[in-house]
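Single-structure report; data block below.
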Amino acid sequence: MKRLKHLIFWLIVIGLILLLFSSHVIAEDDFQQQRRALVDIIKADVERTRDFLKQESLDERVFDAIRKVPRHEFVSDDQRPYAYQNRPLPIGYGQTISQPYIVAVMTDLLELKKTDRVLEVGTGSGYQAAILAELADSVYTIEIVEDLGRQAAENLKRAGYDAVHTRIGDGYYGWEAAAPFDGIVVTAVASHIPPPLIKQLKPGGRMIIPVGAQFMTQYLVLVTKDVDGKVTTRQILPVSFVPLTGAH
Amino acid sequence: MTTKPNLLFLAAVAIISASALAYEILLMRLFSIIQWHHFAYMIISLALLGYGISGVFLALNCDRLTQCFPSAIMANMLLFSLSAPVCFLLAQQIPFNPAEILWTPVQLLYLCSIYLILTLPFFFAANVVGLSFYQYKEQVSFIYAADLFGAGVGSASVILLLFLVFPQKILAVLTMSGVVAALMVSNCGFRGQRDSTNQWLSSSVFIIGIAVVLVLTALTTLNVSPYKSQNQLLRVPGTKIIDRYSSPLGVISVVKSAVTPLRHAPGLSLNATTEPPEQLAVFTDADNMTAITRYNGNPETISYLDQTTSALPYHLKQLTDILILGAGTGSDILQANYHAIKRIDAVELNPQVIDLVKEKYADFAGRIYSSGNINLHVGEARGYLTATKENYDLVNISLLDAFGASAAGLYSMAENYLYTEQGIQEYMQHVSPGGYLSFTRWVKIPPRDEVKLLTTVINALKRDNIRQPGSRIIMIRSWQTSTLMVKNGVISIDEISRLKQFCNERSFDPVYYPGISEPEVNQFNIQQQPYLYQAAMALLGDKSRAFIDAYKFNIEAATDDQPYLFHFFKWRTLPEILPLLDSGGTFLLESGYLLLIAALLQAIFASLLLIALPLWLWKSKLGIKPESGSHLRVLAYFSCLGLAFLFIEIAFIQKFILILHHPLYAITVVLSAFLLTAGAGSYFSKKLSGSTEKSASMLPMAAIALLSISYSLGFESITGFLLQTGSLSRYLLSIMLIAPLGFCMGMPFPMGLDKISQTTPAMIPWAWGINGCASVISAILATLIAMQFGFTVLIFLAIALYGLAALCFPDSKPIL
């Protein structure tokens, strides 16, 4: 009788341990599913805004990155239930993590190659840096708010993106030692595009800047430097809306 | 029970009314600081429904409360004085974030909680007045006079206080005034009050009051939203607030960034190689950042200012005399200094901003406001231009509103007389032949205010009989800002070639100049379509009407009668925008206007509930027979009065801003004059009530109609005459014009109450509640009507409402 009780006890313990592990796997699976669903939503949004983006769809590698990067690792516990909704989320310190659709579009507009070197100004939670790390060779990211920068570095490490170079400091002068860059993302809103960043952009390189307040991206500015060093911008509306249709 | 209120009691009622009105203005200020001002509007609109709830409460309990009248009054006064600061402190603890409202439903719950909490102080204040009406039902005109007089004094006092102390500290003043009012009532000598009780009550109330005031004054700090730009900057290491100033125009804070330079240079060219020198950030209400730039007299240090679109006029020809409207922290002046302008006249509305640059940080700013070539004028732009006889080579208006607020549609309901057809005509009168008027604004996508400003400019030129406005306009843009210029003369070929060179060197795009062709636009800063070029071509062509109608935003020209440059909302576009909201299209919504509609709907809903509830549930208690329809007359009468009073008041405040120039002083003077003279009118109305029947009640309303119509129709002549006179006489004459109107407007309400006090006194609190609800709806509705149809229509609607009220004047027969 005593042995039977022992057996039952151990069976329960083993069962609980297995359940604990499997729940983790189930949760991961669940997150995976949510990421897949999120990609579908983003694809539908891209479809709607194809005229503005001037392309039918985004680079499939961008979708792969969104399917892979665990966004829930980059938000606080109370925001985790919303991690895979297509919406911006607060990350503390008066900052937000952009809407996944905007992240996808911004990343796509950089047209990154596997060998590229990318700079991000304004690390935030580290999610955008993780996405960039999936597509480029090396990622350098700078955050001016100390606590946020430290938290982002931890998030990136935890999610397996140790290779991302993080730094806490002023992003206005870019990252001179690692320049020039094939792509630059400026997520920290500035009153103007810092001239040093334009300088650190390689000829043929692309810089993307979201414009607008927290929770509300109004448009994206794509800065391109052609092979002769001529700089132009393109303003991209992230939603399908034209002020006027028809000929005038 | 006394039948006539003594003076001390009336003074106490006036103090509570003053405090309640001051609290309302104060809450608007406080919520503008911790949140954004459009939500402040919404919160106040519902909080004021405390008046409506009070009406219901008193309708049901007035008999019980009058039995212990002095205690009930004192209790409500003390509850007001305690709840005013406590409710605000509670409300600001609620983590409400308007930006998240579309994403997170719980935000709506937070908003409702704020409403409910802030309703309380107004409920207590309304109880004091409503209960006094019932208690002194035969002397309602005295109570109403005290109420209006108090409100008049309250509105002026709080404006004065806002200059002296920070808004959160004024909460303590309100607490104190509530306590003082209660003490006054305790010393009124009501029958049944024992002396010892009196003394005990007085001293304990006083001690508690003082203690609360001291604790609150020490503890109150404002919980500013972390998403406001000031708080975001303060996250940067080495930043701190080094100065703060309070004024009714906003709390100004100066932030120094010791480690990371500020580098505020909006609209800087992509080709710029220089950056701004050291700067201090200046925030108004923790947002709308501008900067004071260090200047050592060496123009090379500010060469970055030549790399913005607003530098264009200086490159078209040699300018000698210029006028800068909205000089602020001085960047436009530095830009002019960089171009070695000989004489600069600068106008700035906010004296505290001037003080910062001229006195406090004068050395830092290079004493720009004290240099020999500058004449500084503190005042409103159009007021200055009306008074001066000077002409200028350039009149410049640049980026007076910060990008965040302008882009989010928050200014949609704010009147702005700078950008109206009449305003532009006025500026052009002061531009020398061959000189320019220049506007620089933020680029928005899709374009809104730039197009609306263009429509307004074209209309203004047409009003000045310029047959071909297109020959006098040029416009350029960067990715961030656009500059629109109007020449007093025809644009020359030389100017066009200089414009092209200016744009080429800085990677800016021409938008419009006479003879422009499509291939020349949209080269450096590429938009999906050359929106602004298309707009300019359409508006200057013969299909401008069709273009304005087809455009998905409201780009009708702004006029002095509808001075809303930032109102772009079109109902027709809403169905297209709504599905885009969850995919990030929130910025397309003109949130300010829609929130105003939301505020109106919730106020109407709550009012219907609060007015109808006692009527349907407790008809007999109010003294209404089921089949009697007379109560509907009471409802109509007091609703019409509540609506009409504020329609007229708001319309005339706006009209007088153009005469008195300074919006703040205009609001204070006109509002106080209206309320004080209405108080006098109420006091006098007793004499009319005593006289014959309906004809007497018609008299004040007929006078209101007559005065309003003559003012409204003759306003241009009145303005023309008053603007010729000096500053003091302008204020005095304005008060003299308002006084008879206010006097008459103070009469109908107490006359109506007096009538029902003779027939169905139980309805007095209900009527008071109706008037409160109608006033709340009126304030919002007035803004919406003015936005849609203009202030003149608003005045005529008010007259019609007074007419309707005259028809519905309560019967002298009992409603029973």
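Ligands are numbered from 1 in the order shown, chains are lettered A, B, ... in the order of the structure tokens, and residues start at 1 in each chain.
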Which residues of chain A sit at most 9 Å from chain B, using only C-alpha atoms? Give each one's shortest atom pair and distance in Å (one decimal place), in chain and ascending residue order, as a Markdown table.
```
| residue | atom | partner | partner_atom | distance |
| --- | --- | --- | --- | --- |
| A:Ile42 | CA | B:Ser583 | CA | 8.9 |
| A:Asp45 | CA | B:Ser583 | CA | 7.0 |
| A:Asp51 | CA | B:Gln528 | CA | 8.5 |
| A:Phe52 | CA | B:Gln528 | CA | 6.5 |
| A:Asn86 | CA | B:Ser583 | CA | 7.4 |
| A:Arg87 | CA | B:Trp103 | CA | 7.1 |
| A:Pro88 | CA | B:Trp103 | CA | 8.4 |
| A:Leu89 | CA | B:Glu100 | CA | 8.8 |
| A:Gly92 | CA | B:Pro226 | CA | 8.5 |
| A:Tyr93 | CA | B:Pro226 | CA | 6.8 |
| A:Gly94 | CA | B:Pro226 | CA | 4.5 |
| A:Gln95 | CA | B:Tyr227 | CA | 7.2 |
| A:Gln99 | CA | B:Gly584 | CA | 7.8 |
| A:Tyr101 | CA | B:Ser583 | CA | 7.9 |
| A:Ile102 | CA | B:Gly584 | CA | 8.5 |
| A:Ile144 | CA | B:Val236 | CA | 6.3 |
| A:Val145 | CA | B:Val236 | CA | 5.6 |
| A:Glu146 | CA | B:Pro237 | CA | 7.6 |
| A:Gly169 | CA | B:Thr260 | CA | 8.7 |
| A:Asp170 | CA | B:Thr260 | CA | 6.7 |
| A:Ala190 | CA | B:His264 | CA | 8.2 |
| A:Ser191 | CA | B:Pro266 | CA | 4.8 |
| A:His192 | CA | B:Pro266 | CA | 5.4 |
| A:Ile193 | CA | B:Leu270 | CA | 7.0 |
| A:Pro194 | CA | B:Glu275 | CA | 8.3 |
| A:Pro195 | CA | B:Thr273 | CA | 5.9 |
| A:Pro196 | CA | B:Thr273 | CA | 8.0 |
| A:Ile198 | CA | B:Leu270 | CA | 7.9 |
| A:Gly212 | CA | B:Gly404 | CA | 7.2 |
| A:Ala213 | CA | B:Gly404 | CA | 6.5 |
| A:Gln214 | CA | B:Tyr227 | CA | 6.8 |
| A:Phe215 | CA | B:Ala99 | CA | 6.3 |
| A:Met216 | CA | B:Phe587 | CA | 6.5 |
| A:Thr217 | CA | B:Gly584 | CA | 7.1 |
| A:Gln218 | CA | B:Phe587 | CA | 6.0 |
| A:Tyr219 | CA | B:Ile445 | CA | 7.1 |
| A:Val221 | CA | B:Trp479 | CA | 8.1 |
| A:Val223 | CA | B:Asn525 | CA | 9.0 |
| A:Val231 | CA | B:Leu270 | CA | 7.2 |
| A:Thr232 | CA | B:Phe524 | CA | 4.9 |
| A:Thr233 | CA | B:Asn525 | CA | 4.6 |
| A:Arg234 | CA | B:Ile526 | CA | 4.5 |
| A:Gln235 | CA | B:Gln527 | CA | 5.3 |
| A:Ile236 | CA | B:Gln528 | CA | 7.1 |
| A:Leu237 | CA | B:Ile445 | CA | 7.1 |
| A:Pro238 | CA | B:Gly584 | CA | 7.3 |
| A:Val239 | CA | B:Gly585 | CA | 6.0 |
| A:Ser240 | CA | B:Leu580 | CA | 7.6 |
| A:Phe241 | CA | B:Ile577 | CA | 7.9 |
| A:Val242 | CA | B:Pro446 | CA | 7.0 |
| A:Pro243 | CA | B:Lys552 | CA | 5.2 |
| A:Leu244 | CA | B:Tyr551 | CA | 5.3 |
| A:Thr245 | CA | B:Ala550 | CA | 8.3 |
| A:His248 | CA | B:Ala538 | CA | 6.4 |
```
If we count only C-alpha atoms and set the cut-off at 7 Å, which residues sit around segment 141-145 of chain B, ignoring sequence neighbours fewer than 4 positions away in its own chain? Please answer as a ChimeraX atom specification.
/B:10,132-133,149,679-680,682-683,685-686,750
Export of prior selection with C-alpha atoms as a PDB file, in the first residue's frame:
```
ATOM      1  CA  LEU B  10     -25.793  86.701  -0.385  1.00  0.00           C
ATOM      2  CA  SER B 132     -31.131  79.104  -1.706  1.00  0.00           C
ATOM      3  CA  PHE B 133     -33.516  79.644  -4.637  1.00  0.00           C
ATOM      4  CA  PHE B 149     -22.075  88.648  -9.478  1.00  0.00           C
ATOM      5  CA  GLY B 679     -26.304  90.244 -11.850  1.00  0.00           C
ATOM      6  CA  ALA B 680     -27.487  93.844 -11.715  1.00  0.00           C
ATOM      7  CA  SER B 682     -31.383  90.119 -12.031  1.00  0.00           C
ATOM      8  CA  TYR B 683     -31.494  92.408  -9.001  1.00  0.00           C
ATOM      9  CA  SER B 685     -35.884  92.225 -12.413  1.00  0.00           C
ATOM     10  CA  LYS B 686     -37.851  92.078  -9.158  1.00  0.00           C
ATOM     11  CA  PRO B 750     -35.227  85.211 -12.182  1.00  0.00           C
TER      12      PRO B 750
END
```
Just list the residues in segment 478-627 of chain B DSSP gives strand (DSSP E) on the backbone, as a PyMOL selection string.
chain B and resi 481-487+509-512+525-526
Skip segment 453-467 of chain B itself and residues of its chain fewer than 5 positions away, then list as a compact mmCIF listing (two decimals) with N, CA and C atoms, in the first residue's frame all residues within 6 Å of it, counting only C-alpha atoms.
```txt
# COMPACT_ATOMS: atom_id res chain seq x y z
N GLU B 421 -9.21 85.70 -43.77
CA GLU B 421 -9.18 86.58 -44.95
C GLU B 421 -8.93 88.03 -44.52
N GLN B 425 -5.79 90.52 -45.29
CA GLN B 425 -5.97 91.85 -45.91
C GLN B 425 -5.26 92.92 -45.09
N ALA B 557 -12.00 78.77 -46.93
CA ALA B 557 -11.23 79.88 -46.37
C ALA B 557 -11.71 80.23 -44.96
N ALA B 558 -10.77 80.58 -44.08
CA ALA B 558 -11.14 81.03 -42.73
C ALA B 558 -11.42 82.53 -42.78
```
What's the 9 Å shell around Gly171 of chain A, counting only C-alpha atoms, without same-chain residues fewer than 2 positions away, as number ranges by chain?
A: 120-122, 141-144, 168-169, 173-175, 186, 188, 197
Using only C-alpha atoms, the residue out of A:Ala129, A:Leu110, A:Val13, A:Leu119 with shortest distance to Ile66 of chain A is A:Ala129
Within 8 Å of Ser57 of chain A, counting only C-alpha atoms, which residues show up once you throw out same-chain ones fewer than 6 positions away? Write them as a count of residues only, please.
4
Using the chain letters and numbers from this document, which residues of segment 32-201 of chain A does DSSP assign to helix (DSSP H, G or I), as a ChimeraX atom specification?
/A:32-48,50-53,60-68,71-74,77-82,100-109,127-135,146-158,176-178,195-199
Excluding same-chain residues fewer than 3 positions from Gln85 of chain A, what lies within 9 Å of it counting only C-alpha atoms, as number ranges by chain?
A: 34-35, 38, 81-82, 88, 99-100
Based on the selection just made, write C-alpha atoms of those residues as a PDB file, in the first residue's frame.
```pdb
ATOM      1  CA  GLN A  34      -0.245  34.538 -32.931  1.00  0.00           C
ATOM      2  CA  ARG A  35       2.818  35.742 -34.848  1.00  0.00           C
ATOM      3  CA  LEU A  38      -0.142  38.896 -37.139  1.00  0.00           C
ATOM      4  CA  PRO A  81      -1.512  39.633 -23.902  1.00  0.00           C
ATOM      5  CA  TYR A  82      -1.485  42.366 -26.568  1.00  0.00           C
ATOM      6  CA  PRO A  88       1.550  50.209 -30.665  1.00  0.00           C
ATOM      7  CA  GLN A  99       2.732  49.006 -34.527  1.00  0.00           C
ATOM      8  CA  PRO A 100       4.077  45.762 -36.132  1.00  0.00           C
TER       9      PRO A 100
END
```
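Near Arg61 of chain A, within a cut-off of 9 Å and counting only C-alpha atoms, sit the residues Ala65, Ile66, Asp108, Glu134 and Leu135 of chain A, with same-chain residues fewer than 4 positions away left out.
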I need the chosen residues saved as an mmCIF file, in the first residue's frame, with N, CA and C atoms.
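Here's the written file part02.cif:
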```
data_model
loop_
_atom_site.group_PDB
_atom_site.id
_atom_site.type_symbol
_atom_site.label_atom_id
_atom_site.label_comp_id
_atom_site.auth_asym_id
_atom_site.auth_seq_id
_atom_site.Cartn_x
_atom_site.Cartn_y
_atom_site.Cartn_z
ATOM 1 N N ALA A 65 11.015 37.416 -40.446
ATOM 2 C CA ALA A 65 11.565 37.991 -39.217
ATOM 3 C C ALA A 65 10.457 38.235 -38.202
ATOM 4 N N ILE A 66 9.317 38.735 -38.682
ATOM 5 C CA ILE A 66 8.209 39.000 -37.740
ATOM 6 C C ILE A 66 7.662 37.695 -37.188
ATOM 7 N N ASP A 108 11.183 46.942 -44.424
ATOM 8 C CA ASP A 108 11.173 46.615 -45.853
ATOM 9 C C ASP A 108 11.765 47.746 -46.686
ATOM 10 N N GLU A 134 17.706 40.040 -37.908
ATOM 11 C CA GLU A 134 17.302 38.877 -38.706
ATOM 12 C C GLU A 134 17.640 39.085 -40.187
ATOM 13 N N LEU A 135 17.773 40.342 -40.576
ATOM 14 C CA LEU A 135 17.919 40.636 -42.013
ATOM 15 C C LEU A 135 19.298 41.138 -42.421
#
```
